[in-house]
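Structure, as structure tokens:
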Amino acid sequence: QNGTLKQGDLLVSGQNYGRVKAMFNERNQRTEVAPPATPVLILGLNGAPQAGETFKVYLDESEAKEKAYQRGQILREQGMRAKKHITLDEIGRRLALGNFKELKVIIKGDVDGSVEALSDSLQKLSTPEILVSVIHKGVGQINESDIVLAEASDAIVIAFNVRPSMQANRLAEGAGIQIKMYSIIYNAIEEIKSAMEGMLEPKIQEKIVANVEIREVFKFDKATVAGCQVLDGRIKRDNKIRLIRDGIVVYPTGEGQSAELGSLKRYKDDVKEVLSGMECGLTVKNYNDIKAGDIIEAYEIEEVKRTL
């Protein structure tokens, strides 16, 4: 709105702060200065601020940290005061109903708008018999602290276009914490609603069969080939896939869309599947923006009957 933002500036936005490590313009090109009314993508904050949050540049680092800490403290206090504590009337009502239940959920998503929309929609599903309580919501990859919170509060974790880290996934499997992954917001709402009605019997579900890490990328005239290693499971030539970068699904991003492998090779030979621990080469059909460090998630659609 006023002033010029430069690379290296100390930025405070809400309860998050950090130095501007890099800036990109609307064409994803590096830039070092941003005058007023210039949109930029900023790297360097220690967290994701709320959408619509204002920001300010500070000269003194200790002042910036103190301001961010104070704001975080105020937000935590507001959260504590907003929690609905149980009363004698509430205890009497629950005893009278006899079958009162509380469904606790933790929501993590790729962008703040999706998280807020999903949180509001799920809380509106609450009924006199079943209360849907969102105990935590945030932007970014599911980490170990999310799983620890879910274990302590007996909650399920809802992931919208994000994935858990390897450590968080292992922790969740060991603790028996369920991580529900969605790419369509209405599917999440309908499934939670069906679970509350005791009628959750979907005919199909996704089963993740392999995670493949891209180690090296080779670019040719007609295709971009990824040199990979299968981290776990087994990937098949006909599996549906997603491309995940830093815990965020980057392809395909449209609702209800799926991607496929263009090819799967061991050395120079085409193969039908590659097992865990083995190396392979692959291409993604109709997509070339592949980078080293990306994860290819392979999944299958299977028909099952299950409960949440």
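Identifiers for the structure tokens are assigned positionally: chains receive A, B, ... in sequence, residues are indexed from 1 per chain, and ligands are indexed from 1 in the order shown.
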Just want the 7 Å neighbourhood of Arg234 in chain A, counted on only C-alpha atoms, with same-chain residues fewer than 6 positions away dropped. Output as a CSV table (one decimal) with N, CA, C and O atoms, in the first residue's frame.
```
chain,number,residue,atom,x,y,z
A,209,VAL,N,-0.8,-47.1,-2.8
A,209,VAL,CA,0.0,-48.3,-3.0
A,209,VAL,C,1.5,-48.1,-3.0
A,209,VAL,O,2.3,-49.0,-2.8
A,210,ALA,N,1.9,-46.8,-3.3
A,210,ALA,CA,3.4,-46.6,-3.3
A,210,ALA,C,3.7,-45.1,-3.2
A,210,ALA,O,2.9,-44.3,-3.6
A,273,GLU,N,5.6,-53.2,-13.2
A,273,GLU,CA,5.7,-52.7,-11.8
A,273,GLU,C,7.1,-52.6,-11.3
A,273,GLU,O,8.0,-53.3,-11.8
A,274,VAL,N,7.3,-51.8,-10.3
A,274,VAL,CA,8.6,-51.7,-9.6
A,274,VAL,C,8.4,-51.8,-8.1
A,274,VAL,O,7.5,-51.1,-7.6
A,275,LEU,N,9.2,-52.6,-7.4
A,275,LEU,CA,9.0,-52.9,-6.0
A,275,LEU,C,9.7,-51.9,-5.1
A,275,LEU,O,10.6,-51.1,-5.6
A,276,SER,N,9.4,-51.9,-3.8
A,276,SER,CA,10.0,-51.0,-2.8
A,276,SER,C,11.6,-51.2,-2.8
A,276,SER,O,12.1,-52.3,-2.9
```
#### Entry: Shell around Arg30 in chain A at 10 Å using only C-alpha atoms, local window under 6 positions removed, as a VMD selection string
chain A and resid 22 to 24 40 to 41
### Query
Counting only C-alpha atoms, what is within 12 Å of range 138-141 of chain A, bar same-chain residues fewer than 6 positions away, as a VMD selection string?
chain A and resid 46 to 51 105 to 116 118 to 119 147 157 to 169 181 244 to 249
### Query
Per DSSP on the backbone, what are the alpha helix (DSSP H) residues of range 89-250 of chain A, as an MDAnalysis selection string?
chainID A and resid 89:97 112:123 144:153 166:175 185:196
Create the file for the chosen residues now, containing C-alpha atoms and written as a PDB file, in the first residue's frame.
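Ended up saving to selection-v6.pdb:
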```
ATOM      1  CA  ASP A  89     -27.153 -27.574  32.341  1.00  0.00           C
ATOM      2  CA  GLU A  90     -25.047 -29.118  29.571  1.00  0.00           C
ATOM      3  CA  ILE A  91     -24.219 -32.145  31.740  1.00  0.00           C
ATOM      4  CA  GLY A  92     -27.935 -32.595  32.485  1.00  0.00           C
ATOM      5  CA  ARG A  93     -28.811 -32.342  28.799  1.00  0.00           C
ATOM      6  CA  ARG A  94     -26.217 -34.965  27.863  1.00  0.00           C
ATOM      7  CA  LEU A  95     -27.436 -37.328  30.587  1.00  0.00           C
ATOM      8  CA  ALA A  96     -31.024 -36.871  29.397  1.00  0.00           C
ATOM      9  CA  LEU A  97     -30.057 -37.653  25.802  1.00  0.00           C
ATOM     10  CA  ASP A 112      -6.207 -20.777   4.146  1.00  0.00           C
ATOM     11  CA  GLY A 113      -9.489 -20.303   2.238  1.00  0.00           C
ATOM     12  CA  SER A 114     -10.052 -24.054   1.829  1.00  0.00           C
ATOM     13  CA  VAL A 115      -9.320 -24.700   5.519  1.00  0.00           C
ATOM     14  CA  GLU A 116     -11.775 -22.026   6.686  1.00  0.00           C
ATOM     15  CA  ALA A 117     -14.506 -23.179   4.281  1.00  0.00           C
ATOM     16  CA  LEU A 118     -14.117 -26.827   5.332  1.00  0.00           C
ATOM     17  CA  SER A 119     -14.026 -25.926   9.032  1.00  0.00           C
ATOM     18  CA  ASP A 120     -17.204 -23.809   8.822  1.00  0.00           C
ATOM     19  CA  SER A 121     -19.031 -26.468   6.780  1.00  0.00           C
ATOM     20  CA  LEU A 122     -18.169 -29.302   9.192  1.00  0.00           C
ATOM     21  CA  GLN A 123     -19.157 -27.335  12.290  1.00  0.00           C
ATOM     22  CA  GLU A 144       4.173 -34.868  14.055  1.00  0.00           C
ATOM     23  CA  SER A 145       2.614 -32.305  16.431  1.00  0.00           C
ATOM     24  CA  ASP A 146      -0.725 -32.677  14.583  1.00  0.00           C
ATOM     25  CA  ILE A 147      -0.622 -36.456  15.154  1.00  0.00           C
ATOM     26  CA  VAL A 148       0.344 -36.036  18.834  1.00  0.00           C
ATOM     27  CA  LEU A 149      -2.610 -33.651  19.298  1.00  0.00           C
ATOM     28  CA  ALA A 150      -4.951 -36.095  17.527  1.00  0.00           C
ATOM     29  CA  GLU A 151      -3.758 -38.929  19.788  1.00  0.00           C
ATOM     30  CA  ALA A 152      -4.164 -36.859  22.959  1.00  0.00           C
ATOM     31  CA  SER A 153      -7.668 -35.618  22.052  1.00  0.00           C
ATOM     32  CA  MET A 166       7.076 -39.552   6.517  1.00  0.00           C
ATOM     33  CA  GLN A 167       7.644 -39.190  10.282  1.00  0.00           C
ATOM     34  CA  ALA A 168       4.039 -38.101  10.887  1.00  0.00           C
ATOM     35  CA  ASN A 169       2.747 -41.009   8.786  1.00  0.00           C
ATOM     36  CA  ARG A 170       4.768 -43.550  10.775  1.00  0.00           C
ATOM     37  CA  LEU A 171       3.626 -41.955  14.046  1.00  0.00           C
ATOM     38  CA  ALA A 172      -0.027 -42.073  12.924  1.00  0.00           C
ATOM     39  CA  GLU A 173       0.214 -45.742  11.910  1.00  0.00           C
ATOM     40  CA  GLY A 174       1.816 -46.655  15.231  1.00  0.00           C
ATOM     41  CA  ALA A 175      -0.784 -44.735  17.255  1.00  0.00           C
ATOM     42  CA  ILE A 185     -14.478 -30.363  -0.279  1.00  0.00           C
ATOM     43  CA  TYR A 186     -17.966 -31.798  -0.834  1.00  0.00           C
ATOM     44  CA  ASN A 187     -16.643 -35.362  -0.475  1.00  0.00           C
ATOM     45  CA  ALA A 188     -15.260 -34.491   2.959  1.00  0.00           C
ATOM     46  CA  ILE A 189     -18.541 -32.923   4.060  1.00  0.00           C
ATOM     47  CA  GLU A 190     -20.676 -35.796   2.733  1.00  0.00           C
ATOM     48  CA  GLU A 191     -18.459 -38.464   4.301  1.00  0.00           C
ATOM     49  CA  ILE A 192     -18.474 -36.814   7.730  1.00  0.00           C
ATOM     50  CA  LYS A 193     -22.244 -36.351   7.444  1.00  0.00           C
ATOM     51  CA  SER A 194     -22.729 -40.019   6.503  1.00  0.00           C
ATOM     52  CA  ALA A 195     -20.508 -41.097   9.390  1.00  0.00           C
ATOM     53  CA  MET A 196     -22.624 -39.068  11.795  1.00  0.00           C
TER      54      MET A 196
END
```
### Message
as a ChimeraX atom specification, please: every residue in range 122-276 of chain A that DSSP puts in strand (DSSP E).
### Response
/A:130-139,156-160,179-182,205-219,224-233,235-236,240-245,248-251,259-266,269-270,273-274
### Message
Using only C-alpha atoms for the distances, tell me which of A:Val212, A:Ala259, A:Ile301, A:Leu45 is nearest to Met278 in chain A.
### Response
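Of A:Val212, A:Ala259, A:Ile301, A:Leu45, the one nearest Met278 in chain A, counting only C-alpha atoms, is A:Val212.
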### Message
List the spatial neighbours of range 102-104 of chain A as a ChimeraX atom specification - criterion: any atom at most 9 Å away, only C-alpha atoms, same-chain residues fewer than 3 positions off excluded.
### Response
/A:129-135,150,153-157,196
